[in-house]
Amino acid sequence: MKLPIFWLNDYLDGGVTEAALEQACARWGLKPHVELADTLGMLLSFSGFHCDGIEGSGAEAVLELDVLSNRPDAQCVVGLAREVAAMLRVGFKEPPCGIEEIGEPVEKHVKMRVEDAELCPRYTARVIRGVKVQESPDWLKKRLAALGLIPRNNVVDITNFICFELNQPLHAFDLKKLKERTIVVRRARDKEPFRPLYGEIPPLTSETLMICDAERPVAAGGVIGGAGSEVDASTADILLEAAYFSPANTRRTSRRLKVSTDSSYRFERGIDQEAVDRASARAARLIVELAGGTLCKGILDSNPQPREPKSVTLRAERLRKVFGVDVPPAETARHLQAIGCEVLEQTPEAATVRIPSWRRGDLEREIDLIEEVARLHGYHHIPIETSMPARIPPRGNLEVVSDRMRDLLTGLGYFECVTDSLIDPKWPAPAVWAEAKPLALDPVSVMREDHSALRNSLLVSLMAVAKHNQDRRTGTGRYFECGKVFLPHQGKARPDERPVLGVLDEAGFATLADAVLRIGESLEVIDAHLKLKPLAEFGKPPAFLVAESACRLIRVREEEDGGRAEDAIGWLGVASADLCKAFDVKGAPAVAEIDLAKLASLPRGPRRYAPLPTQPAVGRDLAIVIDEAVTWGEVQSFASSYARNEPLRAAKEAPEFLSVYRGKQIGPGKKSLAFSVVYRAADRSLTDEEVNAAHEKFSAAVCERFEATVRK
Amino acid sequence: MSLLDELETLRAEAAAGLKAAADPAGLEAWRIKYIGTKGLLKAWMKRMGEVPKEDKPAFGQRMNALKDELTAAFEQAQAGTAAARPAAKASFDVTEPLPAGQRHEFGRRHPLTRTTEQLRDTLRALGFEVVEGPEVEDERHNFDDLNIPADHPSRDNWDTFFIAKDALLRSQTSTVQIRVMEQRSRTPPIRVIAPGRVYRPDTIDATHASTFHQVEGLYVDRNVSMADLKGTLQLMVEGLFGEGTRVRFRPSFFPFTEPSAEMDCSCPACAGEGCNVCKGIGWVELGGCGMVDPAVFEAVNRARGDNAYDPEVWSGFAFGFGIERLCMRRHGISDLRLFLENDLRFLRQT
């Protein structure tokens with residue numbers, strides 16, 4: 001809202017003065033600026049009307065104020081003048097509304113019928129006859145121009161002036177253009193023809209409130225006037241409409257017709273229902289003054305349910321409890337009076353006030369008055385209180401696990417990413433967590449096609465990150481993200497939001513697998529462990545991974561009864577050629593996606609300490625030549641289970657992978673696998689002979705099991 | 001002079017020569033002269049033939065003893081000069097890095113995570129528990145129960161992405177206030193923060209994003225006042241920007257708080273003196289806050305079907321901050337798009 005200071009001065013005793021500003025600044029602990037407008041803007045900012053900018057200087061300055069949506073009454077110069085008067089503690093002058101109704105009774109010239117008082121709680125009409133439509137005087141043109149409005153003629157200019165002076169949108173009809181000199185306020189008939197003053201609108205429906213003459217609509221109530229009934233140079237008799245339209249319906253109409261005007265903006269926020277007739281009188285007075293003519297006697301006023309006066313009680317104790325400041329009762333009363341409240345009763349404990357009609361929309365409860373007193377008293381009075389009771393807040397599993405994942409992965413060289421949850425629906429949709437396509441946004445709320453679906457895996461987002469970085473040659477990409485994916489939820493409007501960990505590693509499969517397999521250790525998981533299970537063992541590999549690389553990350557729980565329960569908590573593998581091609585990503589990065597909620601449900605430490613061994617260990621290496629098809633995992637699990645039945649082997653000390661070799665000396669289709677095992681007895685040092693014998697036996701068992709030969 | 005006497009002379013000469021050898025080169029020359037493969041000791045051994053048969057064992061023992069003595073003396077002298085001299089320059093270049101591929105590499109948390117963690121750590125120290133709420137919400141939690149009724153202009157401030165009827169992407173983390181308070185497992189007092197993603201249909205440019213992050217705070221107890229709010233936020237900005245940072249409130253409006261305020265803090269770049277970061281004002285805007293509107297408590301009571309949050313008994317404050325904005329201030333970032341782009345050069349820097 002623009003506020004020209006010279007216009008504001010019309011309603012202040014003595015206008016805005018340096019002296020008044022300085023005193024106000026002193027009360028608020030602020031330092032005045034050199035320019036009067038700057039100081040006023042600062043003071044308004046501290047009382048809830050943020051000043052966004054100032055044009056011009058001195059009394060000609062125009063302040064641009066941000067009027068918050070709970071203060072429709074301040075969308076006009078008089079409303080802001082009340083605020084300024086309250087803050088500067090200067091007198092406020094009402095604009096003159098006195099009229100001389102010397103014409104014939106209004107009923108003689110116009111008939112009015114309001115058929116829908118719900119959508120139009122109040123409608124008034126006055127008639128002014130014999131006006132001369134001409135150019136407005138300078139004072140009026142200057143005020144409209146200061147707001148950026150283009151002056152048209154005296155009648156139209158006055159209606160605009162009142163709209164911005166008193167927050168009352170008005171409409172002036174040329175009385176002779178109204179069929180049968182009749183006004184009917186009713187809902188539109190389906191597809192009833194109506195042409196607005198400008199622009200085009202969709203066909204009318206019965207939800208739209210129209211102002212009609214005896215035959216047809218002449219205005220969309222509170223939103224826009226119609227072509228064919230407007231005031232022009234030939235107009236002599238005017239019907240002046242001043243009304244109160246239902247805020248909710250005005251808003252719906254404005255949205256449906258896709259028309260927003262100064263008028264609809266005000267009606268949808270709510271204007272002062274009680275002041276409608278006064279604004280009408282003020283406009284009539286100005287029309288007679290500037291355009292001549294005779295004001296008919298009386299006013300047609302449909303106001304079947306006038307609002308009852310409203311009073312609210314403010315308890316001093318409650319004010320102190322919420323505001324945190326002791327405001328003396330006399331100060332409380334002064335602040336409330338300054339914004340137009342009438343104090344009906346005051347004791348040291350409470351004040352009961354009548355709410356002024358223009359604040360009926362936002363002052364309804366005690367808390368509303370507390371806000372007003374706090375705002376006008378000044379937030380700078382609020383002390384700093386830091387005596388909250390001490391407390392150690394609990395930490396959720398998901399928060400802890402996400403944190404640990406960040407610790408682990410950044411420690412291992414991965415960079416955390418934060419990618420958009422809104423993705424391009426044209427991206428491939430790998431079935432990481434669900435077969436279904438990503439959920440699409442409702443087309444009406446789509447801003448950009450490439451941000452119009454909700455991701456259902458992190459994989460695609462990380463592929464896009466890899467592409468971005470590859471294009472810019474930023475180095476080997478190792479990325480992860482902890483974020484939510486959105487999966488359709490059978491029978492529910494809202495999707496399942498699953499927290500997952502996504503990792504993409506250009507360093508390759510083995511590096512990523514090494515990182516992922518450390519998760520259990522970093523979480524201090526107990527009674528369970530994580531392992532990779534090649535997909536070939538239990539299912540068809542997914543299309544987004546290279547088939548032979550695809551694995552499931554499995555959590556294995558050791559049950560109390562000695563049993564083991566396995567379930568899959570994620571994927572790991574090399575991104576398939578199709579997926580890489582879709583994102584134009586080179587080098588087939590390894591990818592993993594893990595369900596964080598399932599990780600979070602794993603039992604975590606503190607782990608129990610096991611006493612350190614008292615006897616020395618003897619290590620033995622073994623290199624075997626085996627068929628390519630045999631995996632390390634198979635050898636490893638054989639060696640582990642063998643250890644359980646070998647008294648000289650420390651069963652908990654797992655066989656350790658050393659290296660794998662392929663080459664001429666081994667021959668095609670074969671590989672040499674080297675690993676080491678540990679021998680240890682609980683009660684004595686082992687002799688070389690004992691160990692050699694045990695190791696021979698073990699080697700033989702391995703060779704038999706895997707049709708291997710020992711490589712010397 | 002017998003051979004043994006001559007040998008004694010050699011021993012004396014060798015001892016003196018070793019003492020005189022001051023540097024590695026001198027030592028090496030001594031080694032070659034006396035105990036090297038073509039040295040004097042070897043030459044003496046060859047003279048065994050000249051020794052009478054009965055003296056041979058004694059001479060042999062003597063030669064061996066002398067060889068051991070001189071070798072030991074040489075090693076001792078060598079150790080002495082090695083300790084005294086500075087390390088050879090070429091063999092230990094402290095500036096030489098590990099070969100590529102063997103170096104320690106570590107990644108970094110995303111700057112938004114680190115800003116969130118800093119906020120979280122400060123607020124945890126003040127007793128706030130971290131909670132979460134869904135990102136896809138219904139209208140009741142996103143609007144109605146937050147006192148933003150349908151057909152009310154204040155809904156205009158929260159343009160929203162819809163997925164379906166009554167399924168929308170939350171436009172503010174304030175939804176979590178309702179989610180937490182309506183949990184039957186909780187009763188006041190409540191002290192939580194809720195960091196998370198929010199969504200608004202906005203043109204994407206340097207200062208606007210359609211996906212961004214907020215952190216919400218909520219404290220409900222008996223006798224919570226705006227003074228507690230100011231105190232909490234004062235400690236929070238000190239945690240973020242250091243001791244001496246100040247806060248101030250300006251009146252504002254949010255449907256779910258009353259009284260409401262915008263919260264500014266003294267400019268961290270200039271300590272309130274006025275600079276180009278704060279455009280000379282000395283203060284920067286951080287976020288919105290206020291006292292929980294009784295209408296919100298009433299909505300929660302309706303959802304719970306009890307009167308657990310009787311506004312006559314309980315009061316509370318709430319606040320909400322944009323994490324991107326805080327993060328931009330911390331790192332001097334001017335383009336919002338960098339956050340979701342994840343350029344490694346950006347992630348390594350911040």
# chains A, B, ... in the order shown; residues from 1 in each chain; ligands from 1
call {"tool": "residues_around", "arguments": {"residues": "region 493-499 of chain A", "least_positions_apart": "3", "cutoff": "7 Å", "atoms": "only C-alpha atoms", "output": "PyMOL selection string"}}
result
(chain A and resi 483-489+595-597) or (chain B and resi 136+164+167)
call {"tool": "write_last_selection", "arguments": {"atoms": "all heavy atoms", "output": "compact mmCIF listing (two decimals), in the first residue's frame"}}
result
# COMPACT_ATOMS: atom_id res chain seq x y z
N GLY A 483 17.86 -39.10 2.14
CA GLY A 483 16.65 -38.34 1.80
C GLY A 483 15.46 -39.26 1.71
O GLY A 483 15.57 -40.47 1.86
N LYS A 484 14.31 -38.63 1.44
CA LYS A 484 13.09 -39.42 1.36
C LYS A 484 12.75 -39.74 -0.08
O LYS A 484 12.95 -38.91 -0.96
CB LYS A 484 11.93 -38.63 1.98
CG LYS A 484 11.95 -38.63 3.49
CD LYS A 484 10.76 -37.86 4.00
CE LYS A 484 10.64 -37.99 5.52
NZ LYS A 484 9.52 -37.16 6.01
N VAL A 485 12.22 -40.95 -0.29
CA VAL A 485 11.61 -41.26 -1.58
C VAL A 485 10.12 -41.46 -1.33
O VAL A 485 9.70 -41.75 -0.21
CB VAL A 485 12.24 -42.50 -2.24
CG1 VAL A 485 13.69 -42.25 -2.58
CG2 VAL A 485 12.09 -43.72 -1.35
N PHE A 486 9.34 -41.27 -2.37
CA PHE A 486 7.89 -41.24 -2.23
C PHE A 486 7.29 -42.40 -3.02
O PHE A 486 7.46 -42.46 -4.24
CB PHE A 486 7.34 -39.90 -2.71
CG PHE A 486 7.93 -38.74 -1.95
CD1 PHE A 486 9.16 -38.20 -2.30
CD2 PHE A 486 7.27 -38.20 -0.85
CE1 PHE A 486 9.72 -37.15 -1.58
CE2 PHE A 486 7.81 -37.15 -0.13
CZ PHE A 486 9.04 -36.62 -0.49
N LEU A 487 6.64 -43.30 -2.32
CA LEU A 487 6.12 -44.50 -2.97
C LEU A 487 4.61 -44.55 -2.81
O LEU A 487 4.09 -44.26 -1.73
CB LEU A 487 6.75 -45.74 -2.32
CG LEU A 487 8.27 -45.68 -2.23
CD1 LEU A 487 8.79 -46.83 -1.38
CD2 LEU A 487 8.91 -45.72 -3.61
N PRO A 488 3.91 -44.93 -3.89
CA PRO A 488 2.45 -44.96 -3.81
C PRO A 488 2.00 -45.87 -2.66
O PRO A 488 2.61 -46.90 -2.41
CB PRO A 488 2.03 -45.55 -5.15
CG PRO A 488 3.21 -45.43 -6.03
CD PRO A 488 4.43 -45.39 -5.17
N HIS A 489 0.97 -45.46 -1.99
CA HIS A 489 0.47 -46.17 -0.83
C HIS A 489 -0.91 -46.68 -1.17
O HIS A 489 -1.82 -45.88 -1.39
CB HIS A 489 0.38 -45.16 0.33
CG HIS A 489 0.70 -45.74 1.65
ND1 HIS A 489 0.09 -45.33 2.79
CD2 HIS A 489 1.59 -46.69 2.01
CE1 HIS A 489 0.60 -46.01 3.82
NE2 HIS A 489 1.49 -46.84 3.36
N ASP A 595 17.56 -48.83 2.75
CA ASP A 595 16.42 -48.35 3.54
C ASP A 595 16.90 -47.92 4.93
O ASP A 595 17.31 -48.75 5.74
CB ASP A 595 15.40 -49.50 3.64
CG ASP A 595 14.10 -49.05 4.29
OD1 ASP A 595 14.16 -48.15 5.15
OD2 ASP A 595 13.05 -49.60 3.93
N LEU A 596 16.87 -46.62 5.18
CA LEU A 596 17.39 -46.12 6.46
C LEU A 596 16.51 -46.52 7.64
O LEU A 596 17.00 -46.71 8.75
CB LEU A 596 17.54 -44.59 6.42
CG LEU A 596 18.77 -44.04 5.73
CD1 LEU A 596 18.70 -42.53 5.65
CD2 LEU A 596 20.04 -44.46 6.46
N ALA A 597 15.21 -46.62 7.40
CA ALA A 597 14.32 -47.00 8.50
C ALA A 597 14.66 -48.41 8.97
O ALA A 597 14.65 -48.71 10.16
CB ALA A 597 12.87 -46.90 8.06
N VAL B 136 4.52 -34.89 2.45
CA VAL B 136 3.23 -34.82 1.76
C VAL B 136 2.16 -34.77 2.84
O VAL B 136 2.08 -35.65 3.69
CB VAL B 136 3.01 -36.03 0.83
CG1 VAL B 136 1.68 -35.90 0.12
CG2 VAL B 136 4.15 -36.13 -0.17
N ALA B 164 -2.90 -34.64 -5.26
CA ALA B 164 -4.27 -35.09 -5.47
C ALA B 164 -5.13 -34.27 -4.53
O ALA B 164 -4.62 -33.41 -3.82
CB ALA B 164 -4.38 -36.58 -5.15
N ALA B 167 -4.01 -34.00 -0.87
CA ALA B 167 -2.62 -34.46 -0.72
C ALA B 167 -1.75 -33.40 -1.36
O ALA B 167 -1.85 -33.14 -2.56
CB ALA B 167 -2.42 -35.80 -1.40
call {"tool": "select_by_dssp", "arguments": {"residues": "region 142-208 of chain B", "states": "strand (DSSP E or B)", "output": "PDB file with C-alpha atoms, in the first residue's frame"}}
result
ATOM      1  CA  PHE B 162      -0.962 -30.523  -5.001  1.00  0.00           C
ATOM      2  CA  ILE B 163      -0.635 -34.214  -5.842  1.00  0.00           C
ATOM      3  CA  ALA B 164      -4.269 -35.092  -5.473  1.00  0.00           C
ATOM      4  CA  ALA B 167      -2.620 -34.456  -0.724  1.00  0.00           C
ATOM      5  CA  LEU B 168      -0.154 -31.616  -1.057  1.00  0.00           C
ATOM      6  CA  LEU B 169       3.509 -30.890  -0.532  1.00  0.00           C
ATOM      7  CA  ILE B 190       6.614 -29.963  24.599  1.00  0.00           C
ATOM      8  CA  ARG B 191       9.992 -28.789  23.365  1.00  0.00           C
ATOM      9  CA  VAL B 192      10.781 -29.848  19.792  1.00  0.00           C
ATOM     10  CA  ILE B 193      12.437 -28.703  16.601  1.00  0.00           C
ATOM     11  CA  ALA B 194      11.546 -30.050  13.177  1.00  0.00           C
ATOM     12  CA  PRO B 195      14.011 -29.512  10.360  1.00  0.00           C
ATOM     13  CA  GLY B 196      12.810 -30.534   6.923  1.00  0.00           C
ATOM     14  CA  ARG B 197      11.950 -29.876   3.331  1.00  0.00           C
ATOM     15  CA  VAL B 198       9.166 -27.595   2.222  1.00  0.00           C
ATOM     16  CA  TYR B 199       7.798 -26.822  -1.219  1.00  0.00           C
ATOM     17  CA  ASP B 205      16.264 -18.437  -9.834  1.00  0.00           C
ATOM     18  CA  HIS B 208      13.897 -18.618  -5.272  1.00  0.00           C
TER      19      HIS B 208
END
call {"tool": "residues_around", "arguments": {"residues": "Asp262 (chain A)", "least_positions_apart": "4", "cutoff": "9 Å", "atoms": "only C-alpha atoms", "output": "list in words"}}
result
Cys163, Phe164, Pro169, Val223, Arg266 and Phe267 of chain A
call {"tool": "write_last_selection", "arguments": {"atoms": "N, CA, C and O atoms", "output": "compact mmCIF listing (two decimals), in the first residue's frame"}}
result
# COMPACT_ATOMS: atom_id res chain seq x y z
N CYS A 163 -12.24 4.60 -2.22
CA CYS A 163 -11.71 3.25 -2.07
C CYS A 163 -10.38 3.28 -1.31
O CYS A 163 -10.15 2.48 -0.41
N PHE A 164 -9.52 4.23 -1.66
CA PHE A 164 -8.20 4.30 -1.02
C PHE A 164 -8.18 5.17 0.23
O PHE A 164 -7.27 5.09 1.02
N PRO A 169 -14.74 0.13 -1.46
CA PRO A 169 -14.92 0.17 -2.91
C PRO A 169 -16.35 0.63 -3.24
O PRO A 169 -17.29 0.21 -2.58
N VAL A 223 -16.42 -7.39 -7.69
CA VAL A 223 -15.24 -7.78 -8.45
C VAL A 223 -14.99 -6.83 -9.63
O VAL A 223 -13.95 -6.19 -9.72
N ARG A 266 -10.10 -5.83 -1.65
CA ARG A 266 -10.60 -5.33 -0.36
C ARG A 266 -11.77 -6.15 0.18
O ARG A 266 -11.81 -6.48 1.36
N PHE A 267 -12.71 -6.48 -0.71
CA PHE A 267 -13.86 -7.25 -0.22
C PHE A 267 -13.43 -8.63 0.30
O PHE A 267 -13.98 -9.13 1.27
call {"tool": "atom_distance", "arguments": {"atom1": "CA of Gly573 (chain A)", "atom2": "CA of Leu517 (chain A)"}}
result
13.2 Å
call {"tool": "atom_distance", "arguments": {"atom1": "CA of Ala295 (chain B)", "atom2": "CA of Glu258 (chain B)"}}
result
9.7 Å
call {"tool": "closest_atom_pairs", "arguments": {"of": "chain A", "to": "chain B", "cutoff": "7 Å", "atoms": "only C-alpha atoms", "output": "Markdown table"}}
result
| residue | atom | partner | partner_atom | distance |
| --- | --- | --- | --- | --- |
| A:Phe46 | CA | B:Arg250 | CA | 5.3 |
| A:Ser47 | CA | B:Pro251 | CA | 5.9 |
| A:Gly48 | CA | B:Pro251 | CA | 4.5 |
| A:Leu68 | CA | B:Phe253 | CA | 6.3 |
| A:Ser69 | CA | B:Ser154 | CA | 6.0 |
| A:Asn70 | CA | B:Phe253 | CA | 6.9 |
| A:Ala248 | CA | B:Asp151 | CA | 5.1 |
| A:Arg251 | CA | B:Asp151 | CA | 6.5 |
| A:Arg252 | CA | B:Asp151 | CA | 7.0 |
| A:Glu268 | CA | B:Pro153 | CA | 6.9 |
| A:Arg269 | CA | B:Pro153 | CA | 6.4 |
| A:Lys321 | CA | B:Ser225 | CA | 5.8 |
| A:Val322 | CA | B:Ser225 | CA | 4.5 |
| A:Phe323 | CA | B:Met226 | CA | 5.2 |
| A:Gly324 | CA | B:Ser225 | CA | 5.1 |
| A:Ile367 | CA | B:Glu258 | CA | 6.9 |
| A:Glu371 | CA | B:Pro259 | CA | 4.7 |
| A:Arg375 | CA | B:Pro251 | CA | 6.2 |
| A:Tyr379 | CA | B:Phe249 | CA | 6.0 |
| A:Ile382 | CA | B:Ala227 | CA | 5.6 |
| A:Pro383 | CA | B:Ala227 | CA | 5.2 |
| A:Ile384 | CA | B:Gly231 | CA | 4.4 |
| A:Glu385 | CA | B:Gly231 | CA | 4.6 |
| A:Thr386 | CA | B:Gly231 | CA | 5.0 |
| A:Ala390 | CA | B:Gly127 | CA | 6.4 |
| A:Arg391 | CA | B:Gly127 | CA | 4.9 |
| A:Ile392 | CA | B:Gly127 | CA | 5.7 |
| A:Pro393 | CA | B:Glu129 | CA | 4.9 |
| A:Pro394 | CA | B:Glu129 | CA | 6.2 |
| A:Arg395 | CA | B:Glu129 | CA | 6.9 |
| A:Arg406 | CA | B:Arg109 | CA | 6.8 |
| A:Thr410 | CA | B:Gly107 | CA | 4.1 |
| A:Gly411 | CA | B:Phe106 | CA | 5.1 |
| A:Leu412 | CA | B:Phe106 | CA | 5.6 |
| A:Gly413 | CA | B:Phe106 | CA | 3.6 |
| A:Tyr414 | CA | B:Gly107 | CA | 4.4 |
| A:Phe415 | CA | B:Gly107 | CA | 4.5 |
| A:Glu416 | CA | B:Arg109 | CA | 4.9 |
| A:Cys417 | CA | B:Asn342 | CA | 5.8 |
| A:Val418 | CA | B:Leu340 | CA | 5.6 |
| A:Thr419 | CA | B:Leu340 | CA | 4.8 |
| A:Asp420 | CA | B:Leu340 | CA | 6.1 |
| A:Ala440 | CA | B:Ile163 | CA | 6.6 |
| A:Leu441 | CA | B:Ile163 | CA | 4.5 |
| A:Asp442 | CA | B:Ile163 | CA | 4.8 |
| A:Ser445 | CA | B:Phe161 | CA | 5.2 |
| A:Met447 | CA | B:Pro201 | CA | 6.2 |
| A:Val465 | CA | B:Asn342 | CA | 6.3 |
| A:Asn469 | CA | B:Asp343 | CA | 6.0 |
| A:Thr474 | CA | B:Leu344 | CA | 6.2 |
| A:Ala493 | CA | B:Ala167 | CA | 6.0 |
| A:Arg494 | CA | B:Ala167 | CA | 5.7 |
call {"tool": "atom_distance", "arguments": {"atom1": "CA of Ile54 (chain A)", "atom2": "CA of Asp335 (chain B)"}}
result
27.4 Å
